[in-house]
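Source file entry_22.tsv; content: TSV, C-alpha atoms.
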```tsv
chain	number	residue	atom	x	y	z
A	1	VAL	CA	72.28	-44.72	203.55
A	2	GLY	CA	75.12	-44.46	201.04
A	3	SER	CA	73.19	-46.00	198.17
A	4	THR	CA	73.37	-44.19	194.82
A	5	TYR	CA	70.61	-43.65	192.31
A	6	GLU	CA	70.04	-42.39	188.79
A	7	HIS	CA	68.35	-39.02	188.35
A	8	PRO	CA	65.12	-39.62	186.39
A	9	LEU	CA	65.55	-36.40	184.37
A	10	SER	CA	69.30	-36.57	183.74
A	11	HIS	CA	68.62	-36.48	179.98
A	12	VAL	CA	67.20	-32.92	180.17
A	13	LEU	CA	69.31	-31.48	183.01
A	14	PRO	CA	72.83	-30.00	182.83
A	15	PRO	CA	75.63	-32.08	184.39
A	16	PRO	CA	75.80	-31.78	188.19
A	17	ALA	CA	78.26	-29.33	189.74
A	18	LEU	CA	81.08	-31.48	191.10
A	19	GLY	CA	83.82	-30.79	193.59
A	20	GLU	CA	87.42	-31.63	192.84
A	21	GLY	CA	87.79	-35.38	192.41
A	22	ASP	CA	84.04	-36.02	192.66
A	23	GLU	CA	82.10	-38.30	190.36
A	24	ALA	CA	78.58	-37.64	189.11
A	25	SER	CA	77.20	-40.44	191.28
A	26	SER	CA	78.39	-38.57	194.40
A	27	CYS	CA	75.59	-36.04	193.86
A	28	PHE	CA	72.92	-38.74	193.69
A	29	ARG	CA	73.25	-40.76	196.86
A	30	VAL	CA	71.26	-41.29	200.03
A	31	LEU	CA	72.59	-39.24	202.97
A	32	PRO	CA	71.71	-39.34	206.68
A	33	GLY	CA	70.05	-36.26	208.12
A	34	ASP	CA	68.92	-35.64	211.69
A	35	HIS	CA	66.22	-33.23	210.50
A	36	VAL	CA	64.35	-36.06	208.72
A	37	THR	CA	62.13	-38.31	210.83
A	38	VAL	CA	59.82	-41.22	210.13
A	39	GLU	CA	57.14	-39.54	212.28
A	40	SER	CA	56.57	-36.94	209.56
A	41	GLY	CA	56.39	-38.31	206.02
A	42	THR	CA	58.24	-41.30	204.66
A	43	GLY	CA	61.64	-40.62	206.20
A	44	LEU	CA	63.11	-40.11	202.71
A	45	VAL	CA	63.21	-36.56	201.33
A	46	HIS	CA	64.62	-34.74	198.34
A	47	THR	CA	67.63	-32.60	199.27
A	48	ALA	CA	68.43	-29.29	197.53
A	49	PRO	CA	71.34	-27.39	199.16
A	50	GLY	CA	70.28	-24.16	197.46
A	51	HIS	CA	66.79	-24.18	198.93
A	52	GLY	CA	66.96	-25.04	202.61
A	53	GLU	CA	69.28	-24.56	205.58
A	54	ASP	CA	69.05	-28.19	206.72
A	55	ASP	CA	69.69	-29.40	203.16
A	56	PHE	CA	72.68	-27.08	202.80
A	57	ARG	CA	74.27	-28.22	206.07
A	58	VAL	CA	73.80	-31.92	205.23
A	59	CYS	CA	75.40	-31.51	201.81
A	60	VAL	CA	78.35	-29.53	203.20
A	61	ALA	CA	78.89	-32.16	205.91
A	62	HIS	CA	78.99	-34.96	203.33
A	63	GLY	CA	81.04	-33.22	200.65
A	64	VAL	CA	78.27	-32.62	198.12
A	65	SER	CA	79.08	-29.54	196.05
A	66	THR	CA	76.97	-26.46	196.73
A	67	THR	CA	78.78	-24.18	194.27
A	68	ARG	CA	75.88	-24.01	191.83
A	69	GLY	CA	73.63	-22.51	194.49
A	70	CYS	CA	69.93	-22.39	193.78
A	71	ALA	CA	68.17	-22.76	190.44
A	72	VAL	CA	65.52	-20.08	191.13
A	73	ASP	CA	66.19	-16.38	190.58
A	74	GLU	CA	65.00	-13.44	192.69
A	75	ALA	CA	61.79	-13.18	190.62
A	76	GLY	CA	60.83	-16.82	191.24
A	77	PHE	CA	61.80	-18.16	187.79
A	78	LEU	CA	64.00	-21.19	187.11
A	79	THR	CA	67.51	-20.25	185.95
A	80	ALA	CA	69.77	-21.72	183.27
A	81	ASP	CA	71.03	-24.14	185.95
A	82	ALA	CA	67.70	-25.93	185.57
A	83	GLY	CA	68.54	-26.68	181.93
A	84	ASP	CA	67.05	-25.54	178.62
A	85	HIS	CA	63.96	-27.66	179.23
A	86	PHE	CA	62.94	-25.74	182.40
A	87	GLY	CA	64.97	-22.51	182.45
A	88	GLY	CA	62.85	-19.35	182.31
A	89	LEU	CA	59.68	-20.98	183.68
A	90	GLU	CA	58.02	-19.72	186.86
A	91	ALA	CA	59.09	-22.24	189.47
A	92	MET	CA	55.83	-22.71	191.35
A	93	ARG	CA	53.54	-22.72	188.34
A	94	ALA	CA	54.72	-23.53	184.81
A	95	GLY	CA	57.98	-24.96	186.17
A	96	SER	CA	56.27	-27.48	188.43
A	97	ALA	CA	53.90	-28.49	185.62
A	98	ALA	CA	56.81	-28.97	183.22
A	99	VAL	CA	58.66	-31.23	185.70
A	100	LEU	CA	55.57	-33.42	186.13
A	101	SER	CA	55.13	-33.59	182.36
A	102	ALA	CA	58.77	-34.59	181.86
A	103	LEU	CA	58.46	-37.35	184.48
A	104	ARG	CA	55.36	-38.69	182.77
A	105	GLU	CA	57.17	-38.67	179.42
A	106	VAL	CA	60.03	-40.68	180.91
A	107	GLY	CA	57.53	-43.18	182.29
A	108	ASP	CA	55.73	-43.49	178.94
A	109	ARG	CA	59.03	-43.97	177.13
A	110	ASN	CA	60.14	-46.62	179.60
A	111	ALA	CA	56.80	-48.38	179.26
A	112	ALA	CA	57.11	-48.46	175.47
A	113	ALA	CA	60.66	-49.81	175.71
A	114	ALA	CA	59.57	-52.47	178.21
A	115	ALA	CA	56.73	-53.57	175.93
A	116	ALA	CA	59.10	-53.88	172.98
A	117	ALA	CA	61.56	-55.88	175.08
A	118	ALA	CA	58.77	-58.15	176.27
A	119	ASP	CA	57.67	-58.83	172.70
A	120	ALA	CA	61.22	-59.62	171.67
A	121	SER	CA	61.97	-61.92	174.59
A	122	GLY	CA	58.56	-63.43	175.02
A	123	GLY	CA	58.69	-62.69	178.73
A	124	GLY	CA	57.47	-60.02	181.07
A	125	VAL	CA	59.52	-56.81	181.51
A	126	VAL	CA	58.64	-54.30	184.23
A	127	ALA	CA	58.61	-50.66	183.11
A	128	ARG	CA	60.22	-48.11	185.43
A	129	ARG	CA	57.94	-45.15	186.01
A	130	PRO	CA	59.68	-42.37	188.00
A	131	LEU	CA	56.36	-40.66	188.76
A	132	VAL	CA	54.38	-43.01	190.96
A	133	LEU	CA	51.65	-40.59	192.03
A	134	ALA	CA	50.80	-36.90	191.61
A	135	GLU	CA	48.07	-35.35	193.72
A	136	GLU	CA	47.32	-32.14	195.59
A	137	TYR	CA	47.17	-32.15	199.37
A	138	LYS	CA	47.41	-29.61	202.19
A	139	HIS	CA	50.66	-29.39	204.14
A	140	ARG	CA	52.67	-26.88	206.14
A	141	TYR	CA	54.61	-24.38	204.02
A	142	PRO	CA	56.14	-20.93	204.70
A	143	TYR	CA	54.08	-17.94	203.56
A	144	ASP	CA	54.99	-14.26	203.55
A	145	TRP	CA	53.12	-12.67	206.46
A	146	ARG	CA	52.23	-9.50	204.55
A	147	THR	CA	51.44	-10.63	200.98
A	148	LYS	CA	50.14	-14.06	202.04
A	149	GLN	CA	52.08	-15.59	199.14
A	150	PRO	CA	54.25	-18.76	199.32
A	151	VAL	CA	57.95	-18.21	199.96
A	152	ILE	CA	60.79	-19.88	198.04
A	153	ILE	CA	63.87	-20.30	200.22
A	154	ARG	CA	67.05	-19.48	198.29
A	155	ALA	CA	70.73	-19.72	199.25
A	156	THR	CA	72.27	-16.36	198.32
A	157	ASP	CA	75.34	-14.31	199.24
A	158	GLN	CA	74.64	-12.05	202.23
A	159	TRP	CA	76.45	-9.88	204.78
A	160	PHE	CA	76.63	-11.16	208.35
A	161	ALA	CA	77.63	-9.64	211.66
A	162	ASP	CA	79.56	-12.15	213.74
A	163	LEU	CA	77.98	-12.50	217.18
A	164	GLY	CA	80.44	-15.17	218.23
A	165	GLY	CA	83.18	-14.76	220.78
A	166	ASN	CA	81.78	-13.30	223.97
A	167	LEU	CA	79.28	-10.76	222.56
A	168	SER	CA	76.23	-12.89	223.27
A	169	ALA	CA	77.51	-13.71	226.75
A	170	ARG	CA	78.22	-10.02	227.45
A	171	ALA	CA	74.72	-9.07	226.28
A	172	GLN	CA	73.18	-11.72	228.54
A	173	ALA	CA	75.18	-10.40	231.51
A	174	VAL	CA	74.17	-6.79	230.79
A	175	VAL	CA	70.49	-7.77	230.84
A	176	GLU	CA	70.93	-8.83	234.47
A	177	GLU	CA	71.64	-5.19	235.34
A	178	THR	CA	68.42	-3.83	233.85
A	179	THR	CA	64.99	-3.58	235.46
A	180	MET	CA	62.37	-5.88	233.97
A	181	ALA	CA	60.12	-8.73	235.01
A	182	ALA	CA	61.94	-12.05	235.41
A	183	PRO	CA	60.07	-13.76	232.52
A	184	LEU	CA	61.01	-10.89	230.19
A	185	ARG	CA	64.66	-11.07	231.25
A	186	GLN	CA	64.77	-14.81	230.64
A	187	ARG	CA	63.13	-14.41	227.25
A	188	LEU	CA	65.55	-11.73	226.07
A	189	GLN	CA	68.56	-13.67	227.34
A	190	HIS	CA	67.29	-16.77	225.54
A	191	TYR	CA	67.00	-15.02	222.18
A	192	VAL	CA	70.37	-13.30	222.51
A	193	GLY	CA	72.15	-16.45	223.65
A	194	ALA	CA	70.78	-18.53	220.78
A	195	ARG	CA	72.31	-16.32	218.06
A	196	SER	CA	75.79	-16.79	216.60
A	197	SER	CA	75.40	-14.41	213.65
A	198	TRP	CA	73.14	-11.67	212.33
A	199	CYS	CA	72.28	-11.35	208.64
A	200	ILE	CA	72.38	-7.56	208.21
A	201	SER	CA	71.77	-7.38	204.43
A	202	ARG	CA	68.51	-7.22	202.53
A	203	GLN	CA	67.59	-7.09	198.83
A	204	ARG	CA	65.05	-4.28	198.73
A	205	VAL	CA	64.49	-1.29	196.47
A	206	TRP	CA	64.59	1.05	199.49
A	207	GLY	CA	66.71	1.34	202.60
A	208	VAL	CA	70.13	2.41	203.81
A	209	PRO	CA	72.72	0.98	201.40
A	210	ILE	CA	75.64	-1.19	202.48
A	211	PRO	CA	78.61	0.75	201.03
A	212	ALA	CA	80.34	-2.24	199.45
A	213	PHE	CA	81.89	-2.40	195.98
A	214	PHE	CA	82.61	-5.44	193.82
A	215	ASN	CA	85.19	-6.03	191.11
A	216	ALA	CA	83.25	-6.12	187.85
A	217	ASP	CA	85.57	-8.86	186.55
A	218	ASP	CA	85.73	-10.88	189.78
A	219	PRO	CA	82.67	-10.64	192.07
A	220	THR	CA	84.59	-12.39	194.85
A	221	ASP	CA	86.87	-9.33	195.07
A	222	THR	CA	85.04	-7.07	197.53
A	223	LEU	CA	86.03	-3.52	198.46
A	224	LEU	CA	84.95	-2.35	201.92
A	225	THR	CA	87.68	-0.41	203.73
A	226	ALA	CA	87.84	2.44	206.21
A	227	GLU	CA	88.89	4.77	203.36
A	228	SER	CA	86.10	3.69	201.00
A	229	ILE	CA	83.51	4.04	203.79
A	230	ALA	CA	84.79	7.47	204.84
A	231	HIS	CA	84.41	8.73	201.25
A	232	VAL	CA	80.81	7.49	201.08
A	233	GLN	CA	80.07	8.97	204.51
A	234	GLU	CA	81.11	12.40	203.28
A	235	LEU	CA	78.93	12.05	200.18
A	236	VAL	CA	75.96	11.08	202.34
A	237	ARG	CA	76.53	14.09	204.57
A	238	ARG	CA	76.42	16.37	201.52
A	239	HIS	CA	73.75	14.67	199.39
A	240	GLY	CA	71.80	12.27	201.60
A	241	SER	CA	71.74	8.47	201.43
A	242	ASP	CA	70.02	8.50	198.03
A	243	CYS	CA	73.35	9.46	196.49
A	244	TRP	CA	74.25	5.76	196.54
A	245	TRP	CA	71.62	5.24	193.86
A	246	SER	CA	71.93	8.53	191.96
A	247	LEU	CA	75.71	9.08	191.65
A	248	SER	CA	78.00	7.11	189.33
A	249	ASP	CA	80.19	4.27	190.57
A	250	GLU	CA	83.22	6.43	189.87
A	251	ALA	CA	81.91	9.25	192.05
A	252	LEU	CA	81.06	6.88	194.90
A	253	LEU	CA	84.56	5.41	194.91
A	254	ALA	CA	87.38	7.05	196.83
A	255	PRO	CA	89.98	8.39	194.33
A	256	GLN	CA	92.54	5.67	195.14
A	257	TYR	CA	90.06	2.94	194.18
A	258	ARG	CA	89.00	4.31	190.81
A	259	GLN	CA	90.02	2.39	187.70
A	260	THR	CA	92.57	4.97	186.64
A	261	ALA	CA	94.31	4.64	190.02
A	262	CYS	CA	94.13	0.93	190.87
A	263	GLY	CA	93.52	-0.73	187.49
A	264	LYS	CA	90.33	-2.44	188.66
A	265	ARG	CA	86.76	-1.52	187.77
A	266	TYR	CA	84.70	-1.58	190.95
A	267	VAL	CA	80.90	-1.27	190.88
A	268	ARG	CA	78.55	-0.58	193.76
A	269	GLY	CA	76.53	-3.31	195.45
A	270	PHE	CA	72.78	-3.02	195.79
A	271	ASP	CA	72.24	-4.65	199.20
A	272	THR	CA	70.55	-2.57	201.89
A	273	MET	CA	70.89	-2.74	205.65
A	274	ASP	CA	68.45	-4.76	207.70
A	275	VAL	CA	65.93	-2.24	209.04
A	276	TRP	CA	66.35	-3.81	212.47
A	277	PHE	CA	69.90	-2.49	212.42
A	278	ASP	CA	68.53	0.97	211.64
A	279	SER	CA	66.01	0.94	214.49
A	280	GLY	CA	68.42	-0.99	216.72
A	281	THR	CA	70.91	1.90	216.60
A	282	SER	CA	68.29	4.60	217.27
A	283	TRP	CA	69.77	5.04	220.74
A	284	ALA	CA	72.85	6.58	219.08
A	285	THR	CA	70.83	9.65	218.08
A	286	VAL	CA	68.07	9.71	220.71
A	287	LEU	CA	70.07	9.36	223.93
A	288	PRO	CA	72.04	12.34	225.30
A	289	PRO	CA	75.54	12.61	223.78
A	290	THR	CA	77.14	12.14	227.21
A	291	SER	CA	75.59	8.72	227.84
A	292	ALA	CA	77.96	5.78	227.94
A	293	CYS	CA	76.78	4.10	224.75
A	294	ARG	CA	76.73	7.39	222.81
A	295	VAL	CA	80.31	8.18	223.88
A	296	ALA	CA	81.57	4.72	222.90
A	297	ALA	CA	79.72	4.79	219.56
A	298	ALA	CA	81.20	8.19	218.72
A	299	ALA	CA	84.66	6.88	219.57
A	300	VAL	CA	84.29	3.97	217.17
A	301	ALA	CA	82.87	6.22	214.44
A	302	THR	CA	85.74	8.67	214.89
A	303	LEU	CA	88.22	5.93	214.06
A	304	GLN	CA	86.53	5.66	210.66
A	305	CYS	CA	85.75	9.30	209.91
A	306	PRO	CA	86.27	12.55	211.89
A	307	PRO	CA	83.17	14.37	213.17
A	308	ALA	CA	81.51	16.63	210.62
A	309	PRO	CA	82.15	20.37	211.04
A	310	GLY	CA	79.71	21.80	213.56
A	311	ASP	CA	78.88	18.41	215.12
A	312	ALA	CA	79.80	19.50	218.62
A	313	ALA	CA	78.11	16.55	220.35
A	314	THR	CA	80.09	13.93	218.46
A	315	ALA	CA	83.29	15.95	218.79
A	316	ALA	CA	82.81	16.17	222.56
A	317	ALA	CA	82.09	12.46	222.82
A	318	ALA	CA	85.16	11.66	220.70
A	319	ALA	CA	87.30	13.85	222.94
A	320	ALA	CA	86.00	12.05	226.01
A	321	ALA	CA	86.76	8.72	224.35
A	322	ALA	CA	90.28	9.85	223.50
A	323	ALA	CA	90.76	10.75	227.16
A	324	GLY	CA	89.70	7.26	228.19
A	325	ASP	CA	86.31	8.29	229.53
A	326	CYS	CA	84.23	6.07	227.21
A	327	LEU	CA	82.17	4.59	230.00
A	328	ALA	CA	82.55	7.37	232.55
A	329	ALA	CA	79.14	8.91	231.93
A	330	PRO	CA	76.21	6.74	233.03
A	331	THR	CA	73.35	5.98	230.69
A	332	PRO	CA	70.29	7.95	231.85
A	333	HIS	CA	67.13	6.20	232.96
A	334	VAL	CA	65.65	4.99	229.69
A	335	LEU	CA	62.50	2.89	229.32
A	336	TYR	CA	62.04	0.66	226.25
A	337	LEU	CA	58.36	-0.16	225.77
A	338	GLU	CA	57.11	-2.36	222.92
A	339	GLY	CA	55.09	-5.48	222.08
A	340	GLN	CA	56.03	-9.08	222.73
A	341	ASP	CA	57.19	-9.57	219.14
A	342	GLN	CA	60.12	-7.16	219.71
A	343	PHE	CA	62.18	-9.69	221.64
A	344	ARG	CA	63.16	-10.95	218.18
A	345	GLY	CA	63.41	-7.41	216.85
A	346	TRP	CA	63.99	-4.00	218.39
A	347	PHE	CA	64.79	-5.13	221.96
A	348	GLN	CA	67.42	-7.55	220.72
A	349	SER	CA	68.98	-5.40	217.97
A	350	SER	CA	69.21	-2.39	220.31
A	351	LEU	CA	70.88	-4.46	223.02
A	352	LEU	CA	73.40	-6.12	220.69
A	353	THR	CA	74.53	-2.92	218.96
A	354	SER	CA	74.86	-1.02	222.23
A	355	VAL	CA	76.79	-3.80	223.98
A	356	ALA	CA	79.06	-4.24	220.94
A	357	LEU	CA	80.00	-0.55	220.89
A	358	GLY	CA	79.73	0.54	224.50
A	359	GLY	CA	79.49	-2.52	226.68
A	360	VAL	CA	76.20	-1.30	228.17
A	361	ALA	CA	72.49	-1.65	227.45
A	362	PRO	CA	70.76	1.36	225.87
A	363	PHE	CA	67.92	1.00	228.38
A	364	THR	CA	67.70	0.73	232.15
A	365	GLN	CA	64.12	-0.56	232.13
A	366	LEU	CA	62.21	-2.75	229.69
A	367	VAL	CA	58.46	-3.33	229.56
A	368	SER	CA	56.60	-5.49	227.04
A	369	HIS	CA	52.86	-5.43	226.45
A	370	GLY	CA	50.49	-7.88	224.79
A	371	PHE	CA	48.23	-7.37	221.79
A	372	THR	CA	44.64	-6.35	221.34
A	373	VAL	CA	42.74	-9.30	219.88
A	374	ASP	CA	39.44	-9.72	218.05
A	375	GLU	CA	36.46	-11.85	219.05
A	376	ARG	CA	38.23	-14.95	217.67
A	377	GLY	CA	41.38	-14.36	219.72
A	378	ARG	CA	43.45	-13.24	216.72
A	379	LYS	CA	45.82	-10.28	216.98
A	380	MET	CA	44.27	-7.20	215.44
A	381	SER	CA	46.09	-6.39	212.21
A	382	LYS	CA	45.61	-3.98	209.34
A	383	SER	CA	46.39	-6.73	206.85
A	384	LEU	CA	43.63	-8.94	208.33
A	385	GLY	CA	41.17	-6.06	208.48
A	386	ASN	CA	40.00	-7.04	211.96
A	387	VAL	CA	40.87	-3.80	213.74
A	388	VAL	CA	38.52	-1.57	215.72
A	389	ASP	CA	38.80	2.16	215.03
A	390	PRO	CA	40.09	3.80	218.25
A	391	SER	CA	37.75	6.75	217.68
A	392	TRP	CA	34.81	4.34	217.89
A	393	VAL	CA	36.07	3.04	221.23
A	394	GLN	CA	36.68	6.54	222.58
A	395	PHE	CA	33.75	8.47	221.13
A	396	GLY	CA	31.33	5.76	220.04
A	397	LYS	CA	31.50	6.72	216.37
```

Could I get this structure in the form of structure tokens?
Amino acid sequence: VGSTYEHPLSHVLPPPALGEGDEASSCFRVLPGDHVTVESGTGLVHTAPGHGEDDFRVCVAHGVSTTRGCAVDEAGFLTADAGDHFGGLEAMRAGSAAVLSALREVGDRNAAAAAAAADASGGGVVARRPLVLAEEYKHRYPYDWRTKQPVIIRATDQWFADLGGNLSARAQAVVEETTMAAPLRQRLQHYVGARSSWCISRQRVWGVPIPAFFNADDPTDTLLTAESIAHVQELVRRHGSDCWWSLSDEALLAPQYRQTACGKRYVRGFDTMDVWFDSGTSWATVLPPTSACRVAAAAVATLQCPPAPGDAATAAAAAAAAAGDCLAAPTPHVLYLEGQDQFRGWFQSSLLTSVALGGVAPFTQLVSHGFTVDERGRKMSKSLGNVVDPSWVQFGK
């Protein structure tokens, strides 16, 4: 640990991204990492802070710069950060082949130089070959559950909801007041207690947009204020959420944030909300407007934007909140029923959003069922094609 090394492809790669006062050798040194063990592999692994959470944390802890991020774009192609030799190649196909070819070329060049040195000195010179062995073998790797294609992990800018403070503890305490089997309660409390943050942004071509704007000349300058959100809320009321994609940046911006008013040119972001946030706030529209969590949610929303004309339910809830009756009305008896996989999904997202806004759970009872499996014990799934048509079970055809 602490030893430095020379990158075998430094002649075709751009200079490393360095922190203030760093030297190039600081990026090429052996670091300790608790996630690496001798029981699995050699105990020595390549570390790329832009392509793995463990790698990122190790590099941050030891002062290795992570400013360059990852060298793979959203389409799976190597970026300019990979250098002219590799940039533009598909990472998992032509890119991998090009890296192997470059390593072989370095080895051949070193071998030729060693042979020439041996002839000149009359002695033996060992050639350094950076590629010792290249072979295909099966190993564990993340695959997308729907497309069944390999996943490339990338470090990217995202939006997070902070679950720190006492939110997780409050959610765990609220679960104690609901009716469910003890194993289900323990499971839900475990998942909630283990989370410190929630990544609420996604990069999809559909979904509810996150109404954030970015300075076109300085992407680190983000605009997301109560006034900017209120303006977008009104546009959505009039045109629907698709207006985020169809209207101009100027129209989406509140008047005080347009270039003529503030001197900055803000453009919309293209991140969408995590769909688990969408489904996790379904209680806000499904439960009666007098329930505790609905009243509290309306109170919070009213601070951002007044109720729309004619929205009597929200107006009544806001009035109750203003009178200090946020939690006066009890939540009705509500049963949440879903599969075991929803402890990571709907159960958890519904609980967290409701506790954050109202201090109560959106349900009074929770029941979780198992899955129908095929003859091999696998969960029946449309993507696997192993389902049985319910009409065949019911009617025999």

Smallest atom-to-atom distance to Arg204 (chain A): which of A:Gln342, A:Thr272, A:Gln259, A:Gln348, using all atoms listed in the file? A:Thr272

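Considering the residues A:Thr353, A:Thr179, A:Thr4, A:Ser383 and counting only C-alpha atoms, Arg146 (chain A) has its shortest atom-to-atom contact with A:Ser383.
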
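CA of Leu337 (chain A) to CA of Gln186 (chain A) spans 16.7 Å [interatomic distance, one decimal].
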
Point-to-point distance in Å for CA of Asp242 (chain A) and CA of Phe270 (chain A):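 Answer for the CA of Phe270 (chain A) to CA of Asp242 (chain A) separation: 12.1 Å.
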
Under the rule that all atoms listed in the file are counted, which of A:Gln394, A:Leu287, A:Ala114, A:Ile153 is the nearest residue to Asp73 (chain A)? A:Ile153

When you draw a straight line from CA of His139 (chain A) to CA of Ala194 (chain A), how long is it in Å?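 About the pair CA of His139 (chain A) and CA of Ala194 (chain A): they are 28.3 Å apart.
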
Who sits within 12 Å of Thr225 (chain A), all atoms listed in the file, same chain under 6 positions skipped, as a PyMOL selection string: chain A and resi 211-213+231-232+253-254+256-257+304-305

So, counting only C-alpha atoms, which residue among A:Leu235, A:Cys243, A:Cys59, A:Ala216 is closest to Val267 (chain A)?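 So, comparing all the options, the nearest one is A:Ala216.
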
As a list of chain:residue names, please: the residues near Asn166 (chain A) (cut-off 12 Å, all atoms listed in the file, same-chain neighbours under 2 positions excluded).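 In the requested format, the answer is A:Asp162, A:Leu163, A:Gly164, A:Ser168, A:Ala169, A:Arg170, A:Ala171, A:Gln172, A:Ala173, A:Val192, A:Gly193, A:Arg195, A:Ser196, A:Leu352, A:Val355, A:Ala356, A:Gly359.
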
Taking 6 positions as the minimum chain separation for residues in the same chain, which residues sit within 10 Å of Pro14 (chain A) when counting only C-alpha atoms? Answer as a short mmCIF file (atom, residue, chain, number, x, y, z; two decimals) with C-alpha atoms, in the frame of the given file.
```
data_model
loop_
_atom_site.label_atom_id
_atom_site.label_comp_id
_atom_site.auth_asym_id
_atom_site.auth_seq_id
_atom_site.Cartn_x
_atom_site.Cartn_y
_atom_site.Cartn_z
CA ALA A 80 69.77 -21.72 183.27
CA ASP A 81 71.03 -24.14 185.95
CA ALA A 82 67.70 -25.93 185.57
CA GLY A 83 68.54 -26.68 181.93
CA ASP A 84 67.05 -25.54 178.62
CA HIS A 85 63.96 -27.66 179.23
#
```
